[in-house]
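Asks: First the structure, then my questions, so here it is.
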Number of protein chains: 4
Amino acid sequence: MSPDLHHTGRLLIACPDARGIVAAVAGFLAEHGANLLDAQQHTDTEHGEFFMRAEFDLTDCDLTPTTFPECWSPIAQRHSMTWHVRFDGRPLRVAILVGRQPHCLYDLLWRHEAGELPIEVPLIVSNHDTLRPIAEHAGIPFEHRPIVAGDKPAQEAQLRDLFEAQQIDLIVLARYMQVLSSEFLTRWPNRIINIHHSFLPAFAGGDPYRQAYDRGVKIIGATSHYVTEVLDDGPIIAQDVVEVSHRDSTDDLKRKGRDLERTVLARAVRAHVQDRILVSQNKTVVFE
Amino acid sequence: MSPDLHHTGRLLIACPDARGIVAAVAGFLAEHGANLLDAQQHTDTEHGEFFMRAEFDLTDCDLTPTTFPECWSPIAQRHSMTWHVRFDGRPLRVAILVGRQPHCLYDLLWRHEAGELPIEVPLIVSNHDTLRPIAEHAGIPFEHRPIVAGDKPAQEAQLRDLFEAQQIDLIVLARYMQVLSSEFLTRWPNRIINIHHSFLPAFAGGDPYRQAYDRGVKIIGATSHYVTEVLDDGPIIAQDVVEVSHRDSTDDLKRKGRDLERTVLARAVRAHVQDRILVSQNKTVVFE
Amino acid sequence: MSPDLHHTGRLLIACPDARGIVAAVAGFLAEHGANLLDAQQHTDTEHGEFFMRAEFDLTDCDLTPTTFPECWSPIAQRHSMTWHVRFDGRPLRVAILVGRQPHCLYDLLWRHEAGELPIEVPLIVSNHDTLRPIAEHAGIPFEHRPIVAGDKPAQEAQLRDLFEAQQIDLIVLARYMQVLSSEFLTRWPNRIINIHHSFLPAFAGGDPYRQAYDRGVKIIGATSHYVTEVLDDGPIIAQDVVEVSHRDSTDDLKRKGRDLERTVLARAVRAHVQDRILVSQNKTVVFE
Amino acid sequence: MSPDLHHTGRLLIACPDARGIVAAVAGFLAEHGANLLDAQQHTDTEHGEFFMRAEFDLTDCDLTPTTFPECWSPIAQRHSMTWHVRFDGRPLRVAILVGRQPHCLYDLLWRHEAGELPIEVPLIVSNHDTLRPIAEHAGIPFEHRPIVAGDKPAQEAQLRDLFEAQQIDLIVLARYMQVLSSEFLTRWPNRIINIHHSFLPAFAGGDPYRQAYDRGVKIIGATSHYVTEVLDDGPIIAQDVVEVSHRDSTDDLKRKGRDLERTVLARAVRAHVQDRILVSQNKTVVFE
């Protein structure tokens, strides 16, 4: 279901498991004229954590993005909630970071054009100039920020300035082949999505199709995850796989893998921008 | 998640869409000390119908199967609900109806033994005596009820008597190759589950693997559905598919199909006995 | 494996089943210095038909596209073969016919650019002018041939002239929503590939996602097939499916289906242009 | 396609890549009246290795299992082939080694009964007595060989004696939870098949479902492989996967995984007993 950003709100909650939380949320929304459209919960019994996503209709709702926090805080405090609400009707501002491979970029832009992703893309950034024509055809500013003389910190500082100036909500690494520093990552926690071209945790690191070929696996995969300080280890959002056989060369694996990479990345981005993801214990809860 | 039948209740609701239903349900349960473990909803916007499943903890709940209806009826009436609750801790009583093919029977019995299906199987019935040894090995009474001199109504009457005597809640057609009369079917509405060996609506009727072979499809499937008066047309509960190629003979399709049939049927039975299915418009809502 | 068009030949054979055919083919090629790289066969035991694909290295081969037929004909005649060889190093000339939906066109062009499809695309044709910018960005001539005053035969005659003038080998209907006349179809037998947005034979005809939604299926599909006179009934080349649930609206089915359509169509086109498909009994043999 | 063991032969070849091998094989068989039913090849261009499987009809063939080696050896020597032929009409003798979990054993026995596996099962062996009733119901001798006082070498010696006495061709580890010594393994090279309950190389070693749960993967898998000295590192024969979500507990992973384990193991065993597998570089070529 595609949420209509302008007429619905989405509330995400994580808190210690306890009784009556759903009733409290449903009651609060009903009291404020917000019709509950969809509510999903999950309890991690092992860690005693409760997760919830509520989507509600704003038509007769007396809450605004400004007044919500104050009205909501008694309930949030009672249950020690970490929470996040969004109903300002504003699409998320997404920056796409790319290398030299075009397929994931093409795909995100095409889905954006097709209306699959309720986002704005104010800029595309790369350490190479290769994909500039694609950005230009889509009418999106392309910023070439090369890594000069191996000075990655300098380039990263430029990226950070660009993203902050543009008030970027989400950074998508669409086959950007550089590792980002922990300083950079902590600036956008759980807001940087990467696509890794293997079925993680198998074949983390470099050249995963080569690793898969050498191991002789019969299925290859792609994994989209939030980026954390440990390489290819962040919370997994989406994965998909495709069968391969001894007939497939590494080039065949790359070809088949590209189809996975673009759909898996798009699925992860879509879940994020629809406020469907909660993170805990380095894992994700992805509500449907 | 496997519900513990003895300590949880499950409430299924269908009603015209309206505001405040989730809040009403959640509030009602909270009021009666029933901690809401899981609540799922679905709105069919096209037909203006609302569906909900609530699973709740009974530990501190003051409701009993006897008192629930009276306490609940004001809310049910206000929203014109069709509803169903179950929290008597009793596993459903399931009769399995078979023909000559063993694979689906074997599979259901094996899953039952493995604890995957919270059911009782008081009897297995067939118009053939072929599978008696399997039933006996499992220690389940096997009733051979042949169709004598083509008199199907007589045999069907025997089946009905058997099932009524045993207070059967659910009838599973595990490759039972006879069509049941509408009189029989109306006795157990949405409580007779069939497995059809094709990807319905393709290849309804007889010999679907032959039909699939002749059409040259590249994927075959299996479909589990509630049985209705129109052959192979009832509400679909579960489907799955597998790739085939020109190399596969009809025997290969049958072999590959058997694996589908047993997993798809088991999935449908499991969803039913966990009270996860609602039916409307000849379609199912299957909550996860 | 990606055949290198310039240094390999591909021979496709269909004939009545008989002994010694593989030995005859292998011997013939060895005799002429053509190293057999890959040979695949299939016997349709039901119809007594034999199919074979041989791919061979031309490096030391004394055959040419001109001399091949004469040298080969004794074997071909002895076994009453229908056969087809290609080793002129020329990529197939493919015309893409589109309507208003861009996703399949985008996808074919992107794969072409990525080197996945050894083809030339001399023109893109449509009865609408909608997708012209995509063609122009790719630097491919776009021919807008509207159906004026409902006169489809006139428009079809224009298409035929365009395709003949351009010596088109293969026509790809990338969501072209018009039915082609049998006169047109017989001009390119087994050389017109369509993508139908359902899991055929289910939901042939118009609005298949709507049909799938109304039937309540739990899986949807897409089917690529050669076009024949009977609508959506031609030999199936490739199919794929994706799971859906009661949560998915018809718009969701369309969105999920688009991903299937583009990959399935691309797979079919790739198999065709690599000379991997033989047709018999309204079915395909697709060698891997 | 199911080979009829009594009327067909199967020849497996591995050798350095060279020209004319297919022609030599096809010619040899034709010369001896063996009609070539199916020939498949594969060239590992990276390592310059050639692999071939030929299946041939014995009806008018003048070769016997006894005379074949002498007739064939000139070709084999010319190309430095490693080769293996089988056309004695004898089903392979398979020993099944189990622990306490019944699902893979049940499944293999059921498939055997259904005619899916052309094998004999002269014995089932376990270090536990738990599954004896299943073996007895199937009429297969069950040998309980416990590991007494931690003395694994003694128990392994008993296993070896049993298998040698029974002239076992293939050992299937159907969830046998003990590591076998390298001494034992070298006795049956590429003739011991294991099922590991993860998508290898992810989650090798103990408790892979727990590992998968903790990592938060969205897909789990099962892998069947030949056993080598390095744990869970042998040549992979077959793999399959299933989607999971945050809703799935480790028990759910185990339940879903059981379905994978049994189909994947059966697929690997079937490929082996149909002489479809060649091993090189710690990888498999599995002809279809």
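Ligands are numbered from 1 in the order shown, residues from 1 within each chain, and chains are lettered A, B, ... in the order they appear in the structure tokens.
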Quick one: contact table of chain C to chain D, 9 Å max, nearest atom pair and distance in Å to one decimal per residue, counting only C-alpha atoms, chain and number order, as a tab-separated table?
Replies:
```
residue	atom	partner	partner_atom	distance
C:Ala18	CA	D:Asn35	CA	8.6
C:Arg19	CA	D:Asn35	CA	5.5
C:Gly20	CA	D:Ala30	CA	6.0
C:Ile21	CA	D:Leu36	CA	8.3
C:Val22	CA	D:Ala26	CA	6.5
C:Ala23	CA	D:Ala26	CA	4.5
C:Ala24	CA	D:Gly27	CA	8.1
C:Val25	CA	D:Ala23	CA	8.1
C:Ala26	CA	D:Ala23	CA	4.5
C:Gly27	CA	D:Ala23	CA	5.3
C:Phe28	CA	D:Ala23	CA	8.6
C:Leu29	CA	D:Ala23	CA	8.3
C:Ala30	CA	D:Gly20	CA	5.9
C:Gly33	CA	D:Arg19	CA	8.9
C:Ala34	CA	D:Arg19	CA	8.6
C:Asn35	CA	D:Arg19	CA	5.5
C:Leu36	CA	D:Gly20	CA	7.0
C:Leu37	CA	D:Thr43	CA	7.8
C:Asp38	CA	D:Gln41	CA	6.3
C:Ala39	CA	D:Gln40	CA	6.6
C:Gln40	CA	D:Gln40	CA	6.1
C:Gln41	CA	D:Asp38	CA	6.4
C:His42	CA	D:Asp38	CA	7.3
C:Thr43	CA	D:Leu37	CA	7.9
```
Asks: Within 12 Å of Glu113 in chain D, counting only C-alpha atoms, which residues qualify if same-chain residues fewer than 3 places away don't, as an NGL selection string?
Replies: (:B and (101-103 or 106)) or (:D and (106-110 or 116-121 or 138-139))
Asks: I'd like the neighbourhood of Ile219 in chain D as a PyMOL selection string, where a residue qualifies if any of its atoms comes within 10 Å (using only C-alpha atoms), though same-chain residues fewer than 2 positions away should be ignored.
Replies: (chain A and resi 199-200+221+238-241) or (chain D and resi 198-199+212+216-217+221+241-245+253)
Asks: Let's have the selection written as a compact mmCIF listing (two decimals), in the first residue's frame, with all heavy atoms.
Replies:
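What follows is the written file out.txt:
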```txt
# COMPACT_ATOMS: atom_id res chain seq x y z
N PHE A 199 25.24 -12.37 -0.79
CA PHE A 199 24.27 -12.78 0.20
C PHE A 199 24.97 -12.74 1.56
O PHE A 199 25.48 -13.75 2.02
CB PHE A 199 23.81 -14.19 -0.17
CG PHE A 199 22.74 -14.71 0.73
CD1 PHE A 199 21.43 -14.32 0.53
CD2 PHE A 199 23.03 -15.60 1.74
CE1 PHE A 199 20.43 -14.81 1.35
CE2 PHE A 199 22.03 -16.09 2.57
CZ PHE A 199 20.73 -15.69 2.37
N LEU A 200 24.99 -11.58 2.17
CA LEU A 200 25.69 -11.44 3.45
C LEU A 200 25.07 -12.35 4.52
O LEU A 200 23.88 -12.58 4.48
CB LEU A 200 25.64 -9.98 3.93
CG LEU A 200 26.53 -9.01 3.16
CD1 LEU A 200 26.30 -7.58 3.65
CD2 LEU A 200 28.00 -9.39 3.27
N GLY A 221 23.51 -13.82 -4.24
CA GLY A 221 22.54 -12.91 -3.67
C GLY A 221 23.03 -11.48 -3.62
O GLY A 221 24.15 -11.16 -4.05
N ALA A 238 17.09 -5.86 3.34
CA ALA A 238 16.48 -6.69 2.30
C ALA A 238 17.55 -7.54 1.63
O ALA A 238 18.71 -7.13 1.52
CB ALA A 238 15.78 -5.82 1.25
N GLN A 239 17.15 -8.72 1.21
CA GLN A 239 18.05 -9.63 0.48
C GLN A 239 17.26 -10.34 -0.60
O GLN A 239 16.06 -10.55 -0.47
CB GLN A 239 18.64 -10.68 1.44
CG GLN A 239 19.46 -10.10 2.57
CD GLN A 239 20.19 -11.16 3.38
OE1 GLN A 239 19.57 -11.94 4.08
NE2 GLN A 239 21.51 -11.20 3.28
N ASP A 240 17.94 -10.71 -1.64
CA ASP A 240 17.33 -11.58 -2.63
C ASP A 240 18.41 -12.41 -3.29
O ASP A 240 19.60 -12.09 -3.18
CB ASP A 240 16.55 -10.79 -3.68
CG ASP A 240 15.46 -11.63 -4.35
OD1 ASP A 240 15.34 -12.83 -4.04
OD2 ASP A 240 14.74 -11.09 -5.19
N VAL A 241 18.01 -13.47 -3.95
CA VAL A 241 18.96 -14.43 -4.51
C VAL A 241 18.53 -14.87 -5.91
O VAL A 241 17.39 -14.68 -6.31
CB VAL A 241 19.06 -15.69 -3.63
CG1 VAL A 241 19.62 -15.35 -2.25
CG2 VAL A 241 17.73 -16.38 -3.53
N SER D 198 22.44 -24.37 6.53
CA SER D 198 22.60 -22.94 6.26
C SER D 198 22.97 -22.78 4.80
O SER D 198 23.27 -23.74 4.11
CB SER D 198 23.70 -22.32 7.12
OG SER D 198 24.97 -22.49 6.52
N PHE D 199 22.95 -21.53 4.39
CA PHE D 199 23.35 -21.17 3.04
C PHE D 199 24.87 -20.98 3.06
O PHE D 199 25.36 -19.87 3.21
CB PHE D 199 22.61 -19.89 2.67
CG PHE D 199 22.86 -19.44 1.27
CD1 PHE D 199 22.19 -20.04 0.22
CD2 PHE D 199 23.74 -18.40 1.00
CE1 PHE D 199 22.41 -19.61 -1.08
CE2 PHE D 199 23.96 -17.97 -0.30
CZ PHE D 199 23.29 -18.58 -1.33
N ALA D 212 21.99 -17.42 12.14
CA ALA D 212 21.20 -16.66 11.16
C ALA D 212 20.26 -15.70 11.87
O ALA D 212 20.08 -14.54 11.45
CB ALA D 212 20.43 -17.61 10.26
N GLY D 216 20.30 -11.56 11.75
CA GLY D 216 19.16 -10.84 11.20
C GLY D 216 19.03 -10.95 9.70
O GLY D 216 18.57 -10.02 9.04
N VAL D 217 19.43 -12.08 9.13
CA VAL D 217 19.28 -12.25 7.68
C VAL D 217 17.80 -12.33 7.31
O VAL D 217 16.96 -12.70 8.12
CB VAL D 217 20.01 -13.51 7.16
CG1 VAL D 217 21.51 -13.30 7.23
CG2 VAL D 217 19.59 -14.75 7.91
N GLY D 221 18.94 -20.64 4.30
CA GLY D 221 19.15 -21.64 3.26
C GLY D 221 19.61 -22.97 3.81
O GLY D 221 19.78 -23.15 5.02
N VAL D 241 16.83 -21.78 -0.68
CA VAL D 241 16.61 -20.75 0.34
C VAL D 241 15.12 -20.49 0.53
O VAL D 241 14.30 -20.87 -0.30
CB VAL D 241 17.28 -19.41 -0.08
CG1 VAL D 241 18.78 -19.56 -0.18
CG2 VAL D 241 16.69 -18.91 -1.38
N VAL D 242 14.80 -19.82 1.63
CA VAL D 242 13.42 -19.40 1.88
C VAL D 242 13.48 -18.07 2.63
O VAL D 242 14.40 -17.82 3.40
CB VAL D 242 12.65 -20.47 2.69
CG1 VAL D 242 13.20 -20.62 4.10
CG2 VAL D 242 11.16 -20.16 2.74
N GLU D 243 12.50 -17.23 2.38
CA GLU D 243 12.46 -15.93 3.03
C GLU D 243 12.06 -16.05 4.50
O GLU D 243 11.20 -16.85 4.86
CB GLU D 243 11.45 -15.01 2.34
CG GLU D 243 11.90 -14.59 0.97
CD GLU D 243 11.09 -13.42 0.44
OE1 GLU D 243 10.24 -12.87 1.18
OE2 GLU D 243 11.30 -13.07 -0.73
N VAL D 244 12.67 -15.23 5.33
CA VAL D 244 12.26 -15.13 6.72
C VAL D 244 12.13 -13.64 7.05
O VAL D 244 12.52 -12.79 6.26
CB VAL D 244 13.28 -15.80 7.67
CG1 VAL D 244 13.36 -17.29 7.42
CG2 VAL D 244 14.66 -15.16 7.54
N SER D 245 11.57 -13.36 8.21
CA SER D 245 11.43 -11.95 8.61
C SER D 245 11.67 -11.84 10.11
O SER D 245 11.91 -12.83 10.80
CB SER D 245 10.04 -11.43 8.26
OG SER D 245 9.11 -11.84 9.24
N LEU D 253 12.67 -20.56 12.19
CA LEU D 253 13.75 -20.81 11.23
C LEU D 253 13.98 -22.31 11.10
O LEU D 253 14.15 -22.83 9.99
CB LEU D 253 15.05 -20.12 11.66
CG LEU D 253 15.03 -18.59 11.81
CD1 LEU D 253 16.47 -18.08 11.89
CD2 LEU D 253 14.31 -17.91 10.67
```
Asks: Find the residues near Arg53 in chain B: any atom within 9 Å, counting only C-alpha atoms, skip ones fewer than 2 places away on the same chain, and give them as a PyMOL selection string.
Replies: chain B and resi 10-13+38-41+51+55+275-278+287
Asks: Take the residues from that selection and write them out as a compact mmCIF listing (two decimals), in the first residue's frame, keeping all heavy atoms.
Replies:
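Generated output (again-v9.txt):
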```
# COMPACT_ATOMS: atom_id res chain seq x y z
N ARG B 10 -7.55 -15.89 20.32
CA ARG B 10 -7.46 -15.30 18.99
C ARG B 10 -8.85 -14.84 18.56
O ARG B 10 -9.81 -15.62 18.58
CB ARG B 10 -6.92 -16.31 17.98
CG ARG B 10 -5.42 -16.55 18.13
CD ARG B 10 -4.97 -17.84 17.51
NE ARG B 10 -5.68 -18.96 18.12
CZ ARG B 10 -5.49 -19.41 19.36
NH1 ARG B 10 -4.60 -18.83 20.13
NH2 ARG B 10 -6.19 -20.41 19.84
N LEU B 11 -8.94 -13.58 18.20
CA LEU B 11 -10.20 -12.98 17.80
C LEU B 11 -10.11 -12.53 16.35
O LEU B 11 -9.17 -11.81 15.99
CB LEU B 11 -10.50 -11.77 18.71
CG LEU B 11 -11.71 -10.89 18.39
CD1 LEU B 11 -13.02 -11.68 18.52
CD2 LEU B 11 -11.72 -9.68 19.33
N LEU B 12 -11.02 -13.01 15.52
CA LEU B 12 -11.06 -12.62 14.11
C LEU B 12 -12.32 -11.79 13.86
O LEU B 12 -13.41 -12.18 14.28
CB LEU B 12 -11.09 -13.86 13.21
CG LEU B 12 -9.80 -14.68 13.11
CD1 LEU B 12 -10.03 -15.95 12.29
CD2 LEU B 12 -8.69 -13.85 12.47
N ILE B 13 -12.14 -10.69 13.17
CA ILE B 13 -13.25 -9.74 12.96
C ILE B 13 -13.32 -9.34 11.50
O ILE B 13 -12.29 -9.05 10.88
CB ILE B 13 -13.02 -8.46 13.79
CG1 ILE B 13 -13.00 -8.76 15.28
CG2 ILE B 13 -14.07 -7.39 13.46
CD1 ILE B 13 -12.44 -7.62 16.12
N ASP B 38 -0.55 -9.49 19.57
CA ASP B 38 -0.37 -9.21 18.15
C ASP B 38 -1.70 -8.76 17.58
O ASP B 38 -2.73 -9.41 17.80
CB ASP B 38 0.11 -10.48 17.43
CG ASP B 38 0.55 -10.20 16.01
OD1 ASP B 38 1.33 -9.26 15.80
OD2 ASP B 38 0.11 -10.93 15.09
N ALA B 39 -1.69 -7.65 16.86
CA ALA B 39 -2.91 -7.20 16.20
C ALA B 39 -2.58 -6.89 14.77
O ALA B 39 -1.61 -6.20 14.49
CB ALA B 39 -3.47 -5.97 16.89
N GLN B 40 -3.35 -7.43 13.86
CA GLN B 40 -3.16 -7.12 12.45
C GLN B 40 -4.50 -6.72 11.86
O GLN B 40 -5.53 -7.26 12.23
CB GLN B 40 -2.61 -8.33 11.70
CG GLN B 40 -1.25 -8.78 12.22
CD GLN B 40 -0.68 -9.91 11.40
OE1 GLN B 40 -0.33 -9.77 10.25
NE2 GLN B 40 -0.60 -11.08 12.01
N GLN B 41 -4.44 -5.77 10.94
CA GLN B 41 -5.66 -5.35 10.29
C GLN B 41 -5.45 -5.30 8.79
O GLN B 41 -4.33 -5.26 8.31
CB GLN B 41 -6.10 -3.93 10.72
CG GLN B 41 -5.88 -3.60 12.15
CD GLN B 41 -4.45 -3.16 12.37
OE1 GLN B 41 -3.95 -2.31 11.65
NE2 GLN B 41 -3.78 -3.74 13.34
N PHE B 51 -10.88 -5.87 8.25
CA PHE B 51 -10.57 -7.19 8.79
C PHE B 51 -9.54 -7.03 9.90
O PHE B 51 -8.62 -6.22 9.76
CB PHE B 51 -10.00 -8.11 7.71
CG PHE B 51 -10.88 -8.23 6.51
CD1 PHE B 51 -10.72 -7.37 5.42
CD2 PHE B 51 -11.88 -9.18 6.47
CE1 PHE B 51 -11.55 -7.47 4.31
CE2 PHE B 51 -12.71 -9.30 5.35
CZ PHE B 51 -12.55 -8.44 4.28
N GLU B 55 -4.44 -11.32 18.78
CA GLU B 55 -4.03 -12.45 19.60
C GLU B 55 -3.68 -11.89 20.96
O GLU B 55 -2.96 -10.90 21.07
CB GLU B 55 -2.82 -13.13 18.95
CG GLU B 55 -2.46 -14.45 19.60
CD GLU B 55 -1.41 -15.21 18.78
OE1 GLU B 55 -1.44 -15.11 17.52
OE2 GLU B 55 -0.56 -15.87 19.38
N ASP B 275 -5.98 -19.85 13.19
CA ASP B 275 -6.99 -18.78 13.09
C ASP B 275 -6.42 -17.54 12.42
O ASP B 275 -6.54 -16.42 12.93
CB ASP B 275 -7.51 -18.42 14.50
CG ASP B 275 -8.02 -19.63 15.25
OD1 ASP B 275 -8.99 -20.24 14.78
OD2 ASP B 275 -7.44 -19.98 16.30
N ARG B 276 -5.80 -17.73 11.29
CA ARG B 276 -5.18 -16.61 10.59
C ARG B 276 -5.92 -16.20 9.32
O ARG B 276 -5.46 -15.31 8.60
CB ARG B 276 -3.73 -16.97 10.21
CG ARG B 276 -2.85 -17.24 11.39
CD ARG B 276 -1.39 -17.41 11.04
NE ARG B 276 -0.61 -17.55 12.25
CZ ARG B 276 -0.23 -16.51 13.03
NH1 ARG B 276 -0.51 -15.29 12.67
NH2 ARG B 276 0.45 -16.73 14.14
N ILE B 277 -7.03 -16.89 8.99
CA ILE B 277 -7.66 -16.67 7.68
C ILE B 277 -9.06 -16.09 7.82
O ILE B 277 -9.88 -16.58 8.59
CB ILE B 277 -7.77 -18.00 6.89
CG1 ILE B 277 -6.44 -18.77 6.93
CG2 ILE B 277 -8.22 -17.73 5.46
CD1 ILE B 277 -6.48 -20.10 6.20
N LEU B 278 -9.33 -15.05 7.05
CA LEU B 278 -10.68 -14.50 6.90
C LEU B 278 -11.05 -14.58 5.43
O LEU B 278 -10.18 -14.41 4.56
CB LEU B 278 -10.71 -13.05 7.37
CG LEU B 278 -10.77 -12.85 8.89
CD1 LEU B 278 -10.25 -11.48 9.27
CD2 LEU B 278 -12.22 -13.03 9.37
N PHE B 287 -3.52 -13.50 7.61
CA PHE B 287 -2.60 -12.74 8.45
C PHE B 287 -1.38 -13.60 8.77
O PHE B 287 -1.51 -14.81 8.98
CB PHE B 287 -3.29 -12.28 9.74
CG PHE B 287 -4.30 -11.19 9.50
CD1 PHE B 287 -5.64 -11.40 9.76
CD2 PHE B 287 -3.91 -9.96 9.00
CE1 PHE B 287 -6.58 -10.39 9.55
CE2 PHE B 287 -4.84 -8.96 8.77
CZ PHE B 287 -6.18 -9.18 9.04
```
Asks: Choose the residue, out of B:Leu92, B:Ile171, B:Leu97, B:Leu265, that has the smallest atom-to-atom separation from Ile195 in chain B; count only C-alpha atoms.
Replies: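 Among B:Leu92, B:Ile171, B:Leu97, B:Leu265, it is B:Leu265 that comes nearest to Ile195 in chain B.
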Asks: Which neighbours of Asp169 in chain B fall inside 8 Å, counting only C-alpha atoms, when residues of the same chain fewer than 4 positions from it are skipped, and could you give them as a ChimeraX atom specification?
Replies: /B:92-94,191
Asks: Write the residues you've just listed into a file as an mmCIF file, in the first residue's frame, and include N, CA and C atoms for each of them.
Replies:
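Writing the result to again.cif gives the following:
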```cif
data_model
loop_
_atom_site.group_PDB
_atom_site.id
_atom_site.type_symbol
_atom_site.label_atom_id
_atom_site.label_comp_id
_atom_site.auth_asym_id
_atom_site.auth_seq_id
_atom_site.Cartn_x
_atom_site.Cartn_y
_atom_site.Cartn_z
ATOM 1 N N LEU B 92 -7.795 -27.947 17.093
ATOM 2 C CA LEU B 92 -8.866 -28.283 16.144
ATOM 3 C C LEU B 92 -8.817 -29.770 15.817
ATOM 4 N N ARG B 93 -9.999 -30.325 15.577
ATOM 5 C CA ARG B 93 -10.109 -31.732 15.195
ATOM 6 C C ARG B 93 -10.168 -31.804 13.668
ATOM 7 N N VAL B 94 -9.171 -32.419 13.103
ATOM 8 C CA VAL B 94 -8.999 -32.414 11.654
ATOM 9 C C VAL B 94 -9.157 -33.824 11.083
ATOM 10 N N ARG B 191 -14.366 -24.543 5.729
ATOM 11 C CA ARG B 191 -13.695 -25.459 6.646
ATOM 12 C C ARG B 191 -13.297 -26.750 5.924
#
```
